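Novice: Below is run-v1.txt; it holds compact mmCIF, C-alpha atoms.
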```txt
# COMPACT_ATOMS: atom_id res chain seq x y z
CA MET A 1096 3.12 -6.19 -16.25
CA SER A 1097 5.92 -7.63 -18.36
CA GLU A 1098 7.99 -10.51 -17.11
CA LYS A 1099 11.02 -8.25 -16.89
CA GLU A 1100 9.21 -5.70 -14.74
CA THR A 1101 7.97 -8.42 -12.38
CA LYS A 1102 11.49 -9.75 -12.10
CA SER A 1103 12.96 -6.41 -11.12
CA LEU A 1104 10.15 -5.85 -8.61
CA GLU A 1105 10.92 -9.24 -7.17
CA GLU A 1106 14.57 -8.32 -6.85
CA ILE A 1107 13.73 -5.11 -5.01
CA PHE A 1108 11.39 -7.11 -2.79
CA ASN A 1109 14.06 -9.69 -1.94
CA GLN A 1110 16.50 -6.92 -1.09
CA ARG A 1111 13.97 -5.33 1.25
CA ILE A 1112 13.53 -8.65 3.06
CA ALA A 1113 17.30 -9.10 3.25
CA ARG A 1114 17.56 -5.66 4.89
CA ASP A 1115 14.99 -6.81 7.49
CA GLU A 1116 12.41 -4.31 6.26
CA LYS A 1117 8.81 -5.17 7.01
CA ILE A 1118 6.35 -5.74 4.19
CA GLU A 1119 2.99 -4.00 4.60
CA PRO A 1120 -0.35 -4.90 2.96
CA LYS A 1121 -0.27 -2.38 0.12
CA ASP A 1122 3.35 -3.09 -0.85
CA TRP A 1123 4.09 -5.10 -3.95
CA MET A 1124 4.78 -8.75 -3.12
CA PRO A 1125 5.27 -11.92 -5.16
CA GLU A 1126 2.05 -13.90 -5.56
CA LYS A 1127 3.66 -16.88 -3.86
CA TYR A 1128 4.59 -14.79 -0.82
CA ARG A 1129 0.96 -13.71 -0.54
CA LYS A 1130 -0.39 -17.23 -0.89
CA THR A 1131 2.09 -18.78 1.52
CA HIS A 1132 1.26 -16.14 4.10
CA ILE A 1133 -2.47 -16.61 3.72
CA ARG A 1134 -1.94 -20.33 4.23
CA GLN A 1135 0.28 -20.01 7.28
CA ILE A 1136 -1.55 -17.15 9.01
CA SER A 1137 -4.96 -18.73 8.48
CA GLN A 1138 -3.70 -22.10 9.67
CA HIS A 1139 -2.45 -20.35 12.76
CA ALA A 1140 -5.81 -18.58 13.24
CA HIS A 1141 -7.75 -21.82 12.81
CA SER A 1142 -5.50 -23.46 15.42
CA GLU A 1143 -6.41 -20.78 17.95
CA ILE A 1144 -10.11 -21.20 17.26
CA VAL A 1145 -10.15 -25.00 17.30
CA GLY A 1146 -7.78 -24.87 20.28
CA MET A 1147 -10.63 -23.51 22.37
CA LEU A 1148 -12.54 -26.78 22.04
CA PRO A 1149 -10.51 -29.29 24.10
CA GLU A 1150 -10.27 -26.82 26.99
CA GLY A 1151 -13.73 -25.31 26.76
CA ASN A 1152 -15.03 -28.69 27.80
CA TRP A 1153 -13.38 -28.29 31.22
CA ILE A 1154 -14.54 -24.77 32.10
CA SER A 1155 -17.61 -26.03 33.94
CA ARG A 1156 -15.60 -28.72 35.76
CA CYS A 1157 -12.65 -26.79 37.15
CA PRO A 1158 -11.69 -27.83 40.70
CA SER A 1159 -11.80 -24.26 42.06
CA LEU A 1160 -12.95 -20.77 41.19
CA ARG A 1161 -9.31 -19.68 40.84
CA ARG A 1162 -8.76 -22.33 38.18
CA LYS A 1163 -12.02 -21.47 36.51
CA VAL A 1164 -11.35 -17.75 36.03
CA ALA A 1165 -7.89 -18.62 34.68
CA LEU A 1166 -9.20 -21.17 32.20
CA LEU A 1167 -12.01 -18.86 31.09
CA ALA A 1168 -9.49 -16.08 30.49
CA LYS A 1169 -7.19 -18.41 28.60
CA VAL A 1170 -9.93 -19.70 26.30
CA GLN A 1171 -11.14 -16.15 25.72
CA ASP A 1172 -7.58 -15.13 24.80
CA GLU A 1173 -7.46 -17.92 22.25
CA GLY A 1174 -10.63 -16.60 20.64
CA GLY A 1175 -9.03 -13.15 20.59
CA HIS A 1176 -5.82 -14.49 19.09
CA GLY A 1177 -7.78 -16.19 16.35
CA LEU A 1178 -9.42 -12.83 15.58
CA TYR A 1179 -6.10 -10.93 15.42
CA LEU A 1180 -4.76 -13.53 13.02
CA TYR A 1181 -7.85 -13.66 10.80
CA SER A 1182 -7.59 -9.88 10.47
CA ALA A 1183 -3.93 -10.19 9.53
CA ALA A 1184 -4.77 -12.80 6.88
CA GLU A 1185 -7.54 -10.59 5.49
CA THR A 1186 -5.03 -7.81 4.74
CA LEU A 1187 -3.70 -10.16 2.04
CA GLY A 1188 -6.98 -10.09 0.16
CA ILE A 1189 -8.96 -13.07 1.42
CA SER A 1190 -12.33 -12.63 3.15
CA ARG A 1191 -13.33 -13.92 6.58
CA GLU A 1192 -16.05 -15.95 4.94
CA GLU A 1193 -13.57 -17.69 2.63
CA LEU A 1194 -11.31 -18.39 5.59
CA PHE A 1195 -14.14 -20.03 7.53
CA ASP A 1196 -15.20 -21.99 4.46
CA GLN A 1197 -11.69 -23.37 4.13
CA LEU A 1198 -11.67 -24.46 7.76
CA HIS A 1199 -15.13 -26.02 7.65
CA SER A 1200 -14.57 -27.85 4.37
CA GLY A 1201 -11.33 -29.34 5.67
CA GLU A 1202 -9.33 -27.59 2.94
CA ALA A 1203 -7.36 -25.60 5.54
CA LYS A 1204 -5.47 -27.32 8.31
CA TYR A 1205 -5.10 -26.45 11.97
CA SER A 1206 -2.57 -27.70 14.47
CA SER A 1207 -2.94 -31.47 14.84
CA ILE A 1208 -2.47 -31.33 18.58
CA PHE A 1209 -6.09 -30.26 19.03
CA ASN A 1210 -7.27 -33.57 17.64
CA TYR A 1211 -6.25 -35.25 20.89
CA PRO A 1212 -8.81 -35.43 23.72
CA ALA A 1213 -8.50 -33.70 27.11
CA LEU A 1214 -9.46 -36.67 29.26
CA THR A 1215 -8.68 -35.55 32.82
CA TRP A 1216 -8.17 -32.30 34.71
CA ALA A 1217 -4.41 -32.87 34.53
CA ASP A 1218 -4.69 -32.59 30.76
CA ILE A 1219 -5.57 -28.92 31.21
CA GLY A 1220 -2.28 -28.56 33.08
CA ALA A 1221 -0.35 -30.47 30.43
CA ILE A 1222 -1.95 -28.49 27.59
CA GLY A 1223 -1.00 -25.16 29.15
CA TRP A 1224 2.50 -26.26 30.05
CA LEU A 1225 3.42 -28.28 26.94
CA VAL A 1226 1.10 -27.25 24.12
CA ASP A 1227 1.19 -23.55 24.91
CA GLY A 1228 4.88 -23.88 25.71
CA ALA A 1229 5.54 -25.31 22.26
CA ALA A 1230 3.28 -22.72 20.64
CA ILE A 1231 5.11 -19.88 22.41
CA MET A 1232 8.44 -21.25 21.22
CA ASN A 1233 7.15 -21.11 17.65
CA GLN A 1234 5.53 -17.74 18.08
CA VAL A 1235 8.42 -15.92 19.70
CA ALA A 1236 10.46 -16.88 16.64
CA LEU A 1237 7.71 -15.34 14.49
CA ILE A 1238 7.76 -11.90 16.13
CA ASN A 1239 10.46 -10.91 13.64
CA THR A 1240 8.62 -12.31 10.64
CA SER A 1241 8.75 -10.11 7.54
CA TYR A 1242 5.03 -9.44 7.10
CA GLY A 1243 4.03 -6.46 9.27
CA PRO A 1244 0.46 -7.39 10.25
CA TYR A 1245 1.53 -10.94 11.15
CA SER A 1246 4.44 -9.70 13.20
CA ARG A 1247 2.23 -7.23 15.10
CA ALA A 1248 -0.33 -9.94 15.85
CA MET A 1249 2.49 -12.15 17.11
CA ILE A 1250 3.74 -9.47 19.50
CA ARG A 1251 0.32 -9.15 21.12
CA ILE A 1252 -0.18 -12.89 21.24
CA CYS A 1253 3.18 -13.65 22.83
CA LYS A 1254 2.64 -11.00 25.47
CA GLU A 1255 -0.71 -12.50 26.39
CA GLU A 1256 0.25 -16.13 26.22
CA SER A 1257 2.93 -16.37 28.82
CA PHE A 1258 0.28 -16.70 31.52
CA HIS A 1259 -1.21 -19.64 29.62
CA GLN A 1260 1.90 -21.69 30.09
CA ARG A 1261 2.43 -20.62 33.69
CA GLN A 1262 -1.11 -21.51 34.75
CA GLY A 1263 -0.68 -24.95 33.13
CA TYR A 1264 2.60 -25.61 34.88
CA GLU A 1265 1.08 -24.48 38.17
CA ILE A 1266 -1.69 -27.05 37.75
CA MET A 1267 0.93 -29.76 37.14
CA LEU A 1268 2.95 -28.58 40.12
CA THR A 1269 -0.07 -28.69 42.42
CA LEU A 1270 -1.09 -32.16 41.25
CA SER A 1271 2.43 -33.51 41.56
CA GLN A 1272 2.52 -32.37 45.18
CA GLY A 1273 -0.91 -33.86 45.89
CA THR A 1274 -2.10 -37.37 46.71
CA PRO A 1275 -0.55 -40.36 44.88
CA VAL A 1276 -3.64 -40.49 42.70
CA GLN A 1277 -3.25 -36.84 41.75
CA LYS A 1278 0.43 -37.27 41.00
CA ALA A 1279 -0.33 -40.30 38.85
CA MET A 1280 -2.90 -38.23 36.99
CA ALA A 1281 -0.26 -35.58 36.22
CA GLN A 1282 2.21 -38.22 35.06
CA ASP A 1283 -0.42 -39.82 32.85
CA ALA A 1284 -1.19 -36.47 31.22
CA LEU A 1285 2.50 -35.85 30.57
CA ASN A 1286 2.80 -39.34 29.06
CA ARG A 1287 -0.01 -38.67 26.63
CA TRP A 1288 0.86 -35.06 25.66
CA TRP A 1289 4.64 -35.25 25.43
CA TRP A 1290 5.03 -36.80 21.97
CA PRO A 1291 2.18 -34.93 20.30
CA SER A 1292 3.76 -31.70 21.67
CA LEU A 1293 7.06 -32.54 19.98
CA MET A 1294 5.15 -33.17 16.75
CA MET A 1295 3.73 -29.63 16.93
CA PHE A 1296 6.96 -28.29 15.45
CA GLY A 1297 6.20 -30.10 12.23
CA PRO A 1298 8.15 -32.61 10.14
CA ARG A 1299 11.93 -32.94 10.37
CA ASP A 1300 13.81 -30.29 8.44
CA GLU A 1301 14.77 -32.63 5.62
CA GLU A 1302 11.11 -33.56 5.16
CA SER A 1303 9.65 -30.06 5.40
CA PRO A 1304 9.18 -28.96 1.79
CA ASN A 1305 8.17 -25.34 2.42
CA SER A 1306 10.82 -24.57 5.01
CA GLU A 1307 13.57 -23.29 2.74
CA GLN A 1308 11.46 -20.67 0.96
CA SER A 1309 9.83 -19.66 4.26
CA MET A 1310 13.24 -19.09 5.84
CA LYS A 1311 14.28 -16.97 2.85
CA TRP A 1312 11.20 -14.81 3.20
CA LYS A 1313 11.71 -14.63 6.93
CA LEU A 1314 8.25 -16.07 7.37
CA LYS A 1315 10.08 -18.59 9.46
CA ARG A 1316 13.09 -17.57 11.50
CA LYS A 1317 14.10 -20.93 12.94
CA THR A 1318 13.74 -24.43 11.53
CA ASN A 1319 11.37 -27.07 12.91
CA ASP A 1320 14.20 -29.12 14.38
CA GLU A 1321 15.90 -26.13 15.99
CA LEU A 1322 12.68 -25.15 17.73
CA ARG A 1323 11.92 -28.72 18.78
CA GLN A 1324 15.37 -29.06 20.34
CA ALA A 1325 14.97 -25.77 22.19
CA PHE A 1326 11.62 -26.97 23.53
CA VAL A 1327 13.05 -30.27 24.79
CA ASP A 1328 16.01 -28.49 26.41
CA GLN A 1329 13.70 -26.07 28.16
CA THR A 1330 11.01 -28.53 29.24
CA VAL A 1331 12.91 -31.55 30.57
CA PRO A 1332 14.33 -29.69 33.62
CA GLN A 1333 10.83 -28.31 34.32
CA ALA A 1334 9.48 -31.87 34.48
CA GLU A 1335 12.30 -32.95 36.78
CA LEU A 1336 11.65 -30.01 39.06
CA ILE A 1337 8.15 -31.22 39.84
CA GLY A 1338 9.13 -34.88 39.99
CA LEU A 1339 7.55 -36.02 36.74
CA LYS A 1340 9.23 -38.29 34.23
CA VAL A 1341 9.37 -37.51 30.52
CA PRO A 1342 8.17 -40.67 28.74
CA ASP A 1343 11.27 -41.24 26.60
CA LYS A 1344 13.79 -43.94 27.44
CA ASP A 1345 16.28 -42.51 24.94
CA LEU A 1346 16.33 -39.10 26.54
CA PHE A 1347 19.66 -38.05 27.99
CA TRP A 1348 21.83 -34.97 28.34
CA ASN A 1349 24.50 -34.90 25.64
CA GLU A 1350 27.45 -33.08 27.13
CA THR A 1351 29.30 -32.59 23.84
CA ARG A 1352 26.29 -31.18 22.00
CA GLY A 1353 25.10 -29.19 24.98
CA HIS A 1354 21.59 -30.44 24.27
CA TYR A 1355 19.31 -33.29 25.22
CA ASP A 1356 19.25 -36.23 22.82
CA PHE A 1357 15.78 -37.65 22.52
CA GLY A 1358 14.01 -40.65 21.03
CA LYS A 1359 12.39 -41.12 17.66
CA ILE A 1360 9.08 -39.46 16.96
CA ASP A 1361 6.32 -41.64 15.55
CA TRP A 1362 5.85 -39.77 12.28
CA GLU A 1363 3.29 -42.25 11.08
CA GLU A 1364 1.00 -41.15 13.89
CA PHE A 1365 1.68 -37.51 13.00
CA TRP A 1366 0.65 -37.94 9.36
CA GLN A 1367 -2.39 -40.01 10.32
CA VAL A 1368 -3.67 -37.18 12.50
CA VAL A 1369 -2.79 -34.55 9.87
CA HIS A 1370 -4.78 -36.52 7.32
CA GLY A 1371 -7.87 -36.57 9.50
CA HIS A 1372 -7.55 -39.85 11.38
CA GLY A 1373 -6.68 -38.58 14.86
CA PRO A 1374 -8.83 -39.39 17.89
CA CYS A 1375 -10.96 -36.22 17.63
CA ASN A 1376 -10.63 -34.78 14.09
CA ARG A 1377 -14.25 -35.36 13.24
CA GLU A 1378 -15.55 -34.21 16.61
CA ARG A 1379 -13.59 -30.92 16.48
CA LEU A 1380 -14.67 -30.03 12.98
CA ASN A 1381 -18.28 -30.93 13.69
CA ALA A 1382 -18.30 -28.80 16.85
CA ARG A 1383 -16.89 -25.88 14.85
CA LYS A 1384 -19.36 -26.26 11.99
CA SER A 1385 -22.32 -26.67 14.26
CA ALA A 1386 -21.37 -23.51 16.22
CA TRP A 1387 -21.12 -21.61 12.93
CA GLU A 1388 -24.42 -22.93 11.56
CA LYS A 1389 -26.34 -22.50 14.80
CA GLY A 1390 -25.06 -18.93 15.06
CA ALA A 1391 -26.26 -18.00 11.57
CA TRP A 1392 -29.54 -16.51 12.76
CA VAL A 1393 -27.70 -14.25 15.20
CA ARG A 1394 -25.43 -12.93 12.45
CA ASP A 1395 -28.38 -12.42 10.12
CA ALA A 1396 -30.41 -10.67 12.81
CA ALA A 1397 -27.54 -8.31 13.63
CA THR A 1398 -27.15 -7.44 9.94
CA ALA A 1399 -30.89 -6.83 9.55
CA TYR A 1400 -30.94 -4.68 12.68
CA ALA A 1401 -27.97 -2.62 11.51
CA GLU A 1402 -29.62 -2.06 8.12
CA LYS A 1403 -32.89 -1.01 9.72
CA GLN A 1404 -31.13 1.41 12.06
CA SER A 1405 -29.19 3.05 9.26
CA GLN A 1406 -32.36 3.38 7.16
CA LYS A 1407 -34.13 4.96 10.09
CA GLN A 1408 -31.28 7.37 10.61
CA SER A 1409 -31.16 8.48 7.00
CA GLN A 1410 -34.96 8.96 7.01
CA GLU A 1411 -34.71 11.10 10.13
CA SER A 1412 -31.95 13.23 8.74
CA SER A 1413 -33.81 13.77 5.46
CA LEU A 1414 -36.90 14.82 7.46
CA LYS A 1415 -34.81 17.33 9.38
CA THR A 1416 -33.36 18.91 6.27
CA ALA A 1417 -36.80 19.02 4.57
CA MET B 24 -24.62 -14.54 4.46
CA LYS B 25 -22.24 -11.72 3.69
CA ASP B 26 -19.38 -10.76 5.97
CA TRP B 27 -20.09 -8.03 8.48
CA PRO B 28 -18.16 -4.90 7.48
CA LEU B 29 -14.62 -4.37 8.68
CA TRP B 30 -13.77 -1.73 11.32
CA GLU B 31 -10.43 -0.29 12.33
CA VAL B 32 -9.87 0.02 16.06
CA PHE B 33 -7.96 2.83 17.76
CA ILE B 34 -7.19 2.80 21.49
CA ARG B 35 -6.08 5.53 23.86
CA SER B 36 -3.99 3.68 26.42
CA LYS B 37 -4.25 6.48 28.99
CA ASN B 38 -5.29 10.10 29.15
CA GLY B 39 -2.61 12.35 27.78
CA LEU B 40 -1.74 9.93 24.97
CA GLU B 41 -3.22 9.76 21.47
CA HIS B 42 -5.46 7.03 20.15
CA ARG B 43 -3.35 4.51 18.29
CA HIS B 44 -4.37 1.96 15.72
CA CYS B 45 -4.29 -1.51 17.23
CA GLY B 46 -6.11 -3.75 14.77
CA SER B 47 -9.38 -4.44 13.07
CA LEU B 48 -12.50 -6.53 13.45
CA HIS B 49 -15.85 -7.31 11.87
CA ALA B 50 -19.15 -6.04 13.28
CA ALA B 51 -22.65 -5.39 11.99
CA ASP B 52 -22.66 -1.75 13.13
CA ALA B 53 -20.62 0.85 15.00
CA LYS B 54 -22.06 0.00 18.40
CA MET B 55 -21.23 -3.67 18.02
CA ALA B 56 -17.78 -2.73 16.72
CA LEU B 57 -17.15 -0.78 19.94
CA GLU B 58 -18.36 -3.65 22.11
CA ASN B 59 -16.27 -6.19 20.21
CA ALA B 60 -13.22 -3.92 20.30
CA ARG B 61 -13.55 -3.76 24.07
CA ASP B 62 -13.52 -7.58 24.27
CA VAL B 63 -10.87 -8.20 21.62
CA TYR B 64 -8.39 -5.41 22.29
CA THR B 65 -8.74 -4.32 25.93
CA ARG B 66 -8.76 -7.50 28.00
CA ARG B 67 -5.77 -6.30 30.06
CA ASN B 68 -6.37 -2.63 30.79
CA GLU B 69 -4.92 -1.57 27.44
CA GLY B 70 -7.24 1.38 27.10
CA VAL B 71 -9.38 4.14 28.53
CA SER B 72 -11.03 5.12 25.25
CA ILE B 73 -11.82 3.43 21.94
CA TRP B 74 -12.50 4.75 18.45
CA VAL B 75 -13.88 2.53 15.72
CA VAL B 76 -13.88 3.64 12.09
CA ALA B 77 -15.43 1.76 9.19
CA SER B 78 -12.42 0.58 7.16
CA ALA B 79 -14.23 1.52 3.95
CA GLN B 80 -14.17 5.15 5.11
CA ILE B 81 -10.38 5.34 5.28
CA THR B 82 -8.48 6.91 2.41
CA ALA B 83 -4.94 5.61 2.38
CA SER B 84 -1.89 6.71 0.45
CA ASN B 85 -0.61 4.24 -2.08
CA ALA B 86 2.64 2.36 -1.50
CA GLU B 87 3.58 2.96 -5.15
CA GLU B 88 3.43 6.71 -4.62
CA SER B 89 5.51 6.75 -1.46
CA GLY B 90 8.55 7.95 -3.40
CA GLU B 91 6.94 11.18 -4.58
CA LEU B 92 5.14 11.67 -1.29
CA PHE B 93 7.93 11.13 1.17
CA GLU B 94 11.30 11.31 -0.54
CA PRO B 95 11.33 15.12 -0.89
CA ALA B 96 11.66 15.37 2.91
CA ALA B 97 14.85 13.32 2.89
CA ASP B 98 17.15 16.06 1.55
CA LYS B 99 15.83 18.82 3.81
CA ALA B 100 18.28 18.47 6.65
CA TYR B 101 17.82 22.17 7.41
CA ARG B 102 14.50 21.30 9.03
CA HIS B 103 16.38 19.64 11.84
CA PRO B 104 18.15 21.43 14.71
CA THR B 105 21.46 19.62 14.20
CA PHE B 106 21.86 21.30 10.76
CA TYR B 107 22.90 24.55 12.46
CA ASN B 108 26.43 25.02 13.80
CA LEU B 109 26.67 26.82 17.12
CA PRO B 110 29.67 27.42 19.38
CA ASP B 111 30.15 24.74 22.05
CA GLU B 112 29.70 27.36 24.76
CA VAL B 113 26.00 27.48 23.97
CA LYS B 114 24.91 24.52 26.03
CA HIS B 115 21.17 24.37 25.60
CA MET B 116 19.44 25.61 22.51
```
Translate this structure into structure tokens?

Specialist:
Amino acid sequence: MSEKETKSLEEIFNQRIARDEKIEPKDWMPEKYRKTHIRQISQHAHSEIVGMLPEGNWISRCPSLRRKVALLAKVQDEGGHGLYLYSAAETLGISREELFDQLHSGEAKYSSIFNYPALTWADIGAIGWLVDGAAIMNQVALINTSYGPYSRAMIRICKEESFHQRQGYEIMLTLSQGTPVQKAMAQDALNRWWWPSLMMFGPRDEESPNSEQSMKWKLKRKTNDELRQAFVDQTVPQAELIGLKVPDKDLFWNETRGHYDFGKIDWEEFWQVVHGHGPCNRERLNARKSAWEKGAWVRDAATAYAEKQSQKQSQESSLKTA
Amino acid sequence: MKDWPLWEVFIRSKNGLEHRHCGSLHAADAKMALENARDVYTRRNEGVSIWVVASAQITASNAEESGELFEPAADKAYRHPTFYNLPDEVKHM
């Protein structure tokens, strides 16, 4: 294709996006659009998959059967969400195997929040309330994203995830109404998860290099800072309602802005965790790799069985026609 | 190891409605594809029946040909009821 032809295709493409048309897998798209989407969708998928690890650890130690069925369902949903998103990424011409390789080699990133440990039962409450709350904020904004398969996956995911946040908040509510020790446990979990949750929205707008192009392509519909502000505004009253204190001495309601002002985020910590030096980076990746490697024989056996069955079937049908 | 083949999943949400495409997944064979589809796509009573079709078996129209395929229908307004002018007295037709 000549440069001129590509340019006019790109113009048509940009106009389609401007008209809010969805882009589907077989449509022409700029190579950079494809690559950026593979990166973002796969990063999102990896986050769902790795996100099962901090919570999975607590399934066998839930305080009641009610909590256990909820946590099981939540972790199973996350596995499902990872699968929807991997499928969406594959429509852009990358294989599942390549996607896993990128995760396991460390080439692809996943949300840094999952590199923090879930130390107490209250952490399961805080994760559902804050981490899923922040994720939902991000994801609702993505429902209108321009790439069809991604948008459809987002619709399903958002619909399923609202229970994740509610069950987390309910855990926090119950603990905060419990004994002083239980309430302290809830407060401690909030203290540890608050700042990492704010970091989930990514770097500040002026330091987010891909944001501008992503907004233009409608891969992103709101900026990192807009979403972070919306999350703070939504969450602070929820903390107050159950008598917990957000660990930020600079937090106060700004009447003129109509928003909460909040303190400075420790971006050094954020980049450290992104670059692999968080409390659990190594542990998470090892758990993932070991699950993949230990499952290899199951995948191979299933493939061998399927081949044998189809051979058998074709032999039978050739016998019948003979 | 090679990837398991890709399957497209279609779900009938309740009797009386058609099966609709809802997504795809990998599985070694059709039976496993059905079982996985049940776990991945019907965790909340989304369906009463599932079809799985090997993605490789689907023949799809090409986006580049959509002009010649679909544009001819655009100027055929006479295929729609509103094209025909009737007196207002005729309430339902």

Novice: Report, in Å to a single decimal, how far apart CA of Ile1252 in chain A and CA of Val76 in chain B are.

Specialist: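 A separation of 23.3 Å between them.
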
Novice: Taking all atoms listed in the file into account, report as a PyMOL selection string which residues of chain B lie within 8 Å of chain A.

Specialist: chain B and resi 24-27+46-48+51-52+63-64+85-87

Novice: Around all listed atoms of range 64-67 of chain B, padded 8 Å per side, what centre and edge lengths does the axis-aligned box have in Å to one decimal, as AutoDock Vina command-line options?

Specialist:
```
--center_x -7.3 --center_y -5.9 --center_z 26.2 --size_x 19.0 --size_y 19.2 --size_z 23.8
```

Novice: His44 in chain B: which residues within 7 Å, counting only C-alpha atoms, same-chain residues fewer than 2 positions away excluded, as a ChimeraX atom specification?

Specialist: /B:32-34,42,46

Novice: How far is it from CA of Lys1344 in chain A to CA of Arg1323 in chain A, in Å with one decimal?

Specialist: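 A separation of 17.6 Å between them.
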
Novice: Quick one: which range 1110-1171 of chain A residues come within 12 Å of range 1264-1284 of chain A, and what is the nearest atom pair for each with the distance in Å to one decimal, counting all atoms listed in the file, rows ordered by chain and ascending number, as JSON lines?

Specialist:
```
{"residue": "A:Cys1157", "atom": "CA", "partner": "A:Ile1266", "partner_atom": "CA", "distance": 11.0}
{"residue": "A:Pro1158", "atom": "CA", "partner": "A:Ile1266", "partner_atom": "CA", "distance": 10.5}
{"residue": "A:Ser1159", "atom": "CA", "partner": "A:Ile1266", "partner_atom": "CA", "distance": 11.3}
{"residue": "A:Arg1161", "atom": "CA", "partner": "A:Ile1266", "partner_atom": "CA", "distance": 11.0}
{"residue": "A:Arg1162", "atom": "CA", "partner": "A:Ile1266", "partner_atom": "CA", "distance": 8.5}
{"residue": "A:Lys1163", "atom": "CA", "partner": "A:Ile1266", "partner_atom": "CA", "distance": 11.8}
{"residue": "A:Ala1165", "atom": "CA", "partner": "A:Ile1266", "partner_atom": "CA", "distance": 10.9}
{"residue": "A:Leu1166", "atom": "CA", "partner": "A:Ile1266", "partner_atom": "CA", "distance": 11.0}
```

Novice: Would you mind putting back all heavy atoms on range 1139-1144 of chain A, then writing it out as a compact mmCIF listing (two decimals), keeping the file's coordinate frame?

Specialist:
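Everything below was put into out_20.txt:
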```txt
# COMPACT_ATOMS: atom_id res chain seq x y z
N HIS A 1139 -2.73 -20.77 11.40
CA HIS A 1139 -2.45 -20.35 12.76
C HIS A 1139 -3.74 -19.87 13.44
O HIS A 1139 -4.04 -20.22 14.58
CB HIS A 1139 -1.41 -19.22 12.68
CG HIS A 1139 -0.71 -18.93 13.97
ND1 HIS A 1139 0.48 -18.27 14.01
CD2 HIS A 1139 -1.04 -19.18 15.25
CE1 HIS A 1139 0.85 -18.15 15.28
NE2 HIS A 1139 -0.05 -18.68 16.04
N ALA A 1140 -4.54 -19.07 12.70
CA ALA A 1140 -5.81 -18.58 13.24
C ALA A 1140 -6.76 -19.74 13.55
O ALA A 1140 -7.35 -19.81 14.63
CB ALA A 1140 -6.47 -17.62 12.24
N HIS A 1141 -6.86 -20.66 12.59
CA HIS A 1141 -7.75 -21.82 12.81
C HIS A 1141 -7.31 -22.60 14.05
O HIS A 1141 -8.14 -23.11 14.81
CB HIS A 1141 -7.72 -22.77 11.60
CG HIS A 1141 -8.18 -22.14 10.32
ND1 HIS A 1141 -9.19 -21.20 10.27
CD2 HIS A 1141 -7.79 -22.33 9.03
CE1 HIS A 1141 -9.38 -20.85 9.00
NE2 HIS A 1141 -8.54 -21.50 8.23
N SER A 1142 -6.00 -22.71 14.26
CA SER A 1142 -5.50 -23.46 15.42
C SER A 1142 -5.95 -22.81 16.72
O SER A 1142 -6.29 -23.49 17.68
CB SER A 1142 -3.99 -23.52 15.41
OG SER A 1142 -3.54 -24.13 14.22
N GLU A 1143 -5.95 -21.48 16.75
CA GLU A 1143 -6.41 -20.78 17.95
C GLU A 1143 -7.89 -21.08 18.20
O GLU A 1143 -8.31 -21.33 19.33
CB GLU A 1143 -6.22 -19.26 17.81
CG GLU A 1143 -4.76 -18.82 17.69
CD GLU A 1143 -4.02 -18.80 19.03
OE1 GLU A 1143 -4.64 -19.07 20.07
OE2 GLU A 1143 -2.80 -18.51 19.02
N ILE A 1144 -8.66 -21.02 17.12
CA ILE A 1144 -10.11 -21.20 17.26
C ILE A 1144 -10.45 -22.64 17.66
O ILE A 1144 -11.21 -22.88 18.60
CB ILE A 1144 -10.83 -20.81 15.93
CG1 ILE A 1144 -10.58 -19.32 15.61
CG2 ILE A 1144 -12.31 -21.13 15.98
CD1 ILE A 1144 -11.06 -18.34 16.67
```
